[in-house]
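Undergrad: Attaching a single structure in structure tokens format; questions to follow.
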Amino acid sequence: MLLSVQNLGLSIHGTRILDEVSFDIREGEVFGLVGESGSGKSLSALACMGLLPRGSSVSGSAAMRDRNLLTLSEHAMCDLRGNEIGMIFQEPMTALNPVQTIGDQVAETLVIHGAATRGEALRVAREKLDRVGLGPDRFPLSRFPHELSGGQRQRVCIAMAIALHPKLLIADEPTTALDVTTQAQILDLLEDLRREEGMALWLITHDLAVVAGMADHVAVMKEGQIVEANATEPLFRQRRHAYTRDLFAASSHVPERHDRLAGDAPVLTVKEAVRDYRLPRHSLFQPPGAVRAVDRVSLTIGQGESLGLVGESGCGKSTLARAILGLEPLQSGSIQIGSETVGTGQISPETRRRIQVVFQDPYGSFNPRHRVGRLIAEPFYLSGEPPDAAERIEKALTDVGLAPSDTSKYIHEFSGGQRQRIAIARALITRPDLIVLDEAVSALDVRVRAQILDLLADLQAEYGLSYLFISHDLSVVRAITDRVLVMKAGQIIEEGPTDQVFNAPMHAYTQSLIAAAPRIPEAWGEKQVTA
Amino acid sequence: MTRLPASLVIGSVLFALFACASLLSFVWTPFDHTAMSIADRMQQPSGEHLLGTDHFGRDILSMIMVGARTSIAVAILAVGIGIGIGVPLGLLAAANRGSLLDEVVMRGNDLVFAFPSLVIAILITAIFGPSATNAIIAIGIFNIPVFARVARGGALPLWTLDYVLTARVAGKGKVRISVEHILTNIANLLIVQGTIQFSLGILAEAALSYVGLGAQPPTPSWGRMLADSQTMISLAPHMAIFPGLAIVLTVLGLNLMGDGLRDILDPRVRRAR
């Protein structure tokens, strides 16, 4: 047994976070810890690393080779961290020091632990970076983090974590911030490393599909307790605990779509849209270069239709959305909303009313100093508040499943899912034809996401809404859209009915996207044992 | 309710002491601050004159109380000029980031920063005549770029947030968004900077009146009380000590207050605590 956690309890400033958590990790195995945000899965890892915030008190034990990690001195833990336990985090953008080269950062681990001299450490750093797929020709040690993409940075983090051959690597949501194809590569790399270096991997994630493909053992965590633990396949097949069944159902949830209230006239028509960004001048005498973010994109959305737009980060899908919303000018092409042609950023109040938006981040979408009533009424600005504004605000709130009395609350009193409901209420208030959903459910836990998807489907049926659903998450797009566009480097490379594109993708890029998405083997879902 | 930081409590008490003294001086002072009495000159602190008398026999406590009025008024108005002009400029620059307007405003700021502020203040008062009004204007001008920078710096990250985008989708213009969404969310930064500039204003006013370019006699001011006392420092050290202490304690109080306010208002510092 490599790490044996027994009855781990944790409270921070008197609040109970973890309760009687017990699990074992054997040498060389992959242990998956699954749970929603706030369930305590990250804190259980930090507890074993001795990295808890101030005001924490722990109980129980976490034994690694006969030493209890919870009672070791800080000095002893410093020896242990990096040396025997490595850790990588979710956000590769902030996990690296931006002013140090990647070589120095990988070498630092070795130097600190006295395992090597500086020259020797740099040689090992080179070796490790090669090992994680950052070859010497494109990635010399002198590279800085800002010159790398998110996936490459995560590889650097992994190289740092494995520099001293730790026995255990803790990966806390290692691929959540990454695109689907990058995620597949990083997961492959972790699997390779585990096999070749013989280290154990403690994988913390909210994504059941990732665990299904990787882990030998899985524990499901809810509100600081482990509700179910078993070997991976039996756990997925049996789903003994109600919470596991909930999670499982939510992760593959397909909202019930109602018959379309089809209209003839398209709600939105985009023709040959082009958006260039100017690059900074390299020389005073040369014209500045430009990068083409949206390259001759055409699309139409009919009334009551859901159109999906998928692509990896940086492919131009958000830029396109902002152009449609009139937030960015086009260099050429046209955008027609209803009967009015827009595209220069000038939109009449009537047309403004017809198109609304819901953004990804439920925390950045609201001015924290305004009350909900005022936040929801914001789209009335141009048209002026209608006489029945108060009733419409209440109606919008009840439509999204909140109480009319919530108008006088501030936004910090709501959870992420509730905030996203408020964002939808704000979009509904002007009775629009089209709502642009820019990664609107990407930041939500699976169960909340399933509820929001249901809500969107219901609202669509009730009001005949059209959706432009922008996401990098293929399973969500598949569940809620009628047609889908695949975007790569500013261009639409494939277009068609959702089922057709997902079942028989024509373009190689679409095929690789779909192949890279982790999924739970279908056979595991068949047999249900009710407890 | 979290506990208030100690620096805020101590700073507020110190500053409140002088603010109250200045207000009290409108209705009551122990003696008339202009009444001279050569017979009682340069008396040590006693039961009658708590802080002693100066070289004309005027009561120092009364003069400090009335002087606080001048110092605080000059500093408040100077900060007001800085906020009133600097904040709109900063918001405007942030709303039009990268535009010619942004460049003009920020380079104008750099230009003002490039001059030594006190020397220019002396120049202004020397040209237009020494008075409290000219001191206010001179100090106020140098507050403008400070607030413009703070406002622009605080506003820039907010412009990338989704709620600002949503407001733009609703059709709101830059001015409207600046007032409604940006200003309310940088108010904390401005309050903290305001207290710090306030203390600097008091120092600057003291410096100007020390060289005789601030409020004119018979209006007492802390800076001139120091200047008057320096030839008699060996005979009557209390004449220098008490106005000096008044300046030090007020500025210290305001700085502590600024620190404490930053702790409770600035979310970035709050999280780190």
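Letters A, B, ... go to the chains of the structure tokens in the order shown; residues in each chain start at 1; ligands are counted from 1 in the same order.
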Identify all chain B residues at most 10 Å from chain A by counting only C-alpha atoms; ligands do not count. Present them as a PyMOL selection string.

TA: chain B and resi 158+160-172+180-182+184-185

Undergrad: Write the residues you've just listed into a file as a PDB file, in the first residue's frame, and include N, CA and C atoms for each of them.

TA:
```pdb
ATOM      1  N   LEU B 158     -11.853  45.815 -15.552  1.00  0.00           N
ATOM      2  CA  LEU B 158     -13.318  45.676 -15.504  1.00  0.00           C
ATOM      3  C   LEU B 158     -13.916  45.668 -16.905  1.00  0.00           C
ATOM      4  N   THR B 160     -13.056  44.163 -19.410  1.00  0.00           N
ATOM      5  CA  THR B 160     -13.051  42.851 -20.065  1.00  0.00           C
ATOM      6  C   THR B 160     -14.069  41.908 -19.435  1.00  0.00           C
ATOM      7  N   LEU B 161     -14.736  42.346 -18.370  1.00  0.00           N
ATOM      8  CA  LEU B 161     -15.655  41.431 -17.694  1.00  0.00           C
ATOM      9  C   LEU B 161     -16.957  41.271 -18.468  1.00  0.00           C
ATOM     10  N   ASP B 162     -17.600  40.137 -18.218  1.00  0.00           N
ATOM     11  CA  ASP B 162     -18.806  39.817 -18.978  1.00  0.00           C
ATOM     12  C   ASP B 162     -19.945  40.784 -18.690  1.00  0.00           C
ATOM     13  N   TYR B 163     -20.014  41.335 -17.470  1.00  0.00           N
ATOM     14  CA  TYR B 163     -21.157  42.204 -17.228  1.00  0.00           C
ATOM     15  C   TYR B 163     -21.061  43.526 -17.986  1.00  0.00           C
ATOM     16  N   VAL B 164     -19.834  43.912 -18.296  1.00  0.00           N
ATOM     17  CA  VAL B 164     -19.685  45.088 -19.149  1.00  0.00           C
ATOM     18  C   VAL B 164     -20.095  44.748 -20.586  1.00  0.00           C
ATOM     19  N   LEU B 165     -19.720  43.537 -21.025  1.00  0.00           N
ATOM     20  CA  LEU B 165     -20.156  43.088 -22.357  1.00  0.00           C
ATOM     21  C   LEU B 165     -21.677  43.044 -22.439  1.00  0.00           C
ATOM     22  N   THR B 166     -22.306  42.511 -21.380  1.00  0.00           N
ATOM     23  CA  THR B 166     -23.766  42.427 -21.364  1.00  0.00           C
ATOM     24  C   THR B 166     -24.374  43.818 -21.454  1.00  0.00           C
ATOM     25  N   ALA B 167     -23.778  44.772 -20.760  1.00  0.00           N
ATOM     26  CA  ALA B 167     -24.285  46.141 -20.819  1.00  0.00           C
ATOM     27  C   ALA B 167     -24.154  46.693 -22.228  1.00  0.00           C
ATOM     28  N   ARG B 168     -23.056  46.320 -22.900  1.00  0.00           N
ATOM     29  CA  ARG B 168     -22.892  46.790 -24.279  1.00  0.00           C
ATOM     30  C   ARG B 168     -23.918  46.146 -25.187  1.00  0.00           C
ATOM     31  N   VAL B 169     -24.217  44.862 -24.922  1.00  0.00           N
ATOM     32  CA  VAL B 169     -25.259  44.194 -25.703  1.00  0.00           C
ATOM     33  C   VAL B 169     -26.592  44.896 -25.498  1.00  0.00           C
ATOM     34  N   ALA B 170     -26.816  45.419 -24.273  1.00  0.00           N
ATOM     35  CA  ALA B 170     -28.055  46.148 -24.004  1.00  0.00           C
ATOM     36  C   ALA B 170     -28.052  47.515 -24.685  1.00  0.00           C
ATOM     37  N   GLY B 171     -26.950  47.899 -25.311  1.00  0.00           N
ATOM     38  CA  GLY B 171     -26.902  49.152 -26.051  1.00  0.00           C
ATOM     39  C   GLY B 171     -26.383  50.326 -25.252  1.00  0.00           C
ATOM     40  N   LYS B 172     -25.834  50.066 -24.080  1.00  0.00           N
ATOM     41  CA  LYS B 172     -25.346  51.182 -23.272  1.00  0.00           C
ATOM     42  C   LYS B 172     -24.034  51.728 -23.841  1.00  0.00           C
ATOM     43  N   GLU B 180     -22.100  53.666 -14.416  1.00  0.00           N
ATOM     44  CA  GLU B 180     -22.964  52.695 -13.760  1.00  0.00           C
ATOM     45  C   GLU B 180     -22.199  51.463 -13.288  1.00  0.00           C
ATOM     46  N   HIS B 181     -21.306  50.956 -14.131  1.00  0.00           N
ATOM     47  CA  HIS B 181     -20.660  49.691 -13.804  1.00  0.00           C
ATOM     48  C   HIS B 181     -19.219  49.851 -13.344  1.00  0.00           C
ATOM     49  N   ILE B 182     -18.495  50.798 -13.940  1.00  0.00           N
ATOM     50  CA  ILE B 182     -17.062  50.888 -13.635  1.00  0.00           C
ATOM     51  C   ILE B 182     -16.846  51.675 -12.336  1.00  0.00           C
ATOM     52  N   THR B 184     -18.698  52.418  -9.801  1.00  0.00           N
ATOM     53  CA  THR B 184     -19.131  51.793  -8.552  1.00  0.00           C
ATOM     54  C   THR B 184     -18.154  50.717  -8.100  1.00  0.00           C
ATOM     55  N   ASN B 185     -17.469  50.107  -9.057  1.00  0.00           N
ATOM     56  CA  ASN B 185     -16.570  49.023  -8.680  1.00  0.00           C
ATOM     57  C   ASN B 185     -15.125  49.455  -8.461  1.00  0.00           C
TER      58      ASN B 185
END
```

Undergrad: Would you please extract all alpha helix (DSSP H) residues from stretch 86-244 of chain A, as assigned by DSSP on the backbone, and give them as a count of residues only?

TA: 73

Undergrad: Taking only stretch 224-337 of chain A into account, list the residues labelled strand (DSSP E) by DSSP (computed from the backbone), as a PyMOL selection string.

TA: chain A and resi 225-231+266-278+290-302+306-310+332-337

Undergrad: So which residues touch B:Ile76 within 12 Å, counting only C-alpha atoms, skipping near sequence neighbours fewer than 5 positions away, as a VMD selection string?

TA: chain B and resid 19 68 to 71 81 to 84 135 to 137 139 to 140 143 194 to 202 205

Undergrad: Selected residues, C-alpha atoms, written as a PDB file, in the first residue's frame, please.

TA:
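Dumped everything to out20.pdb:
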```
ATOM      1  CA  ALA B  19     -11.319  66.999  12.610  1.00  0.00           C
ATOM      2  CA  ALA B  68      -6.506  72.494  11.631  1.00  0.00           C
ATOM      3  CA  ARG B  69      -9.409  74.181   9.865  1.00  0.00           C
ATOM      4  CA  THR B  70      -7.082  75.619   7.212  1.00  0.00           C
ATOM      5  CA  SER B  71      -5.102  72.417   6.740  1.00  0.00           C
ATOM      6  CA  ILE B  81     -10.049  68.837  -7.583  1.00  0.00           C
ATOM      7  CA  GLY B  82      -7.995  65.682  -8.129  1.00  0.00           C
ATOM      8  CA  ILE B  83     -11.047  63.384  -8.004  1.00  0.00           C
ATOM      9  CA  GLY B  84     -13.347  65.731  -9.889  1.00  0.00           C
ATOM     10  CA  ALA B 135      -2.453  76.757  -2.466  1.00  0.00           C
ATOM     11  CA  ILE B 136      -5.569  74.637  -3.071  1.00  0.00           C
ATOM     12  CA  ILE B 137      -5.271  75.008  -6.838  1.00  0.00           C
ATOM     13  CA  ILE B 139      -1.876  71.146  -4.737  1.00  0.00           C
ATOM     14  CA  GLY B 140      -5.049  70.094  -6.574  1.00  0.00           C
ATOM     15  CA  ASN B 143      -3.652  65.292  -7.549  1.00  0.00           C
ATOM     16  CA  GLY B 194      -8.222  59.709  -1.478  1.00  0.00           C
ATOM     17  CA  THR B 195      -7.111  59.269   2.129  1.00  0.00           C
ATOM     18  CA  ILE B 196      -3.485  59.004   1.096  1.00  0.00           C
ATOM     19  CA  GLN B 197      -3.667  62.110  -1.104  1.00  0.00           C
ATOM     20  CA  PHE B 198      -5.464  63.862   1.748  1.00  0.00           C
ATOM     21  CA  SER B 199      -2.503  63.337   4.047  1.00  0.00           C
ATOM     22  CA  LEU B 200      -0.098  64.438   1.318  1.00  0.00           C
ATOM     23  CA  GLY B 201      -2.267  67.536   0.848  1.00  0.00           C
ATOM     24  CA  ILE B 202      -1.909  68.420   4.513  1.00  0.00           C
ATOM     25  CA  GLU B 205      -0.132  72.877   2.688  1.00  0.00           C
TER      26      GLU B 205
END
```
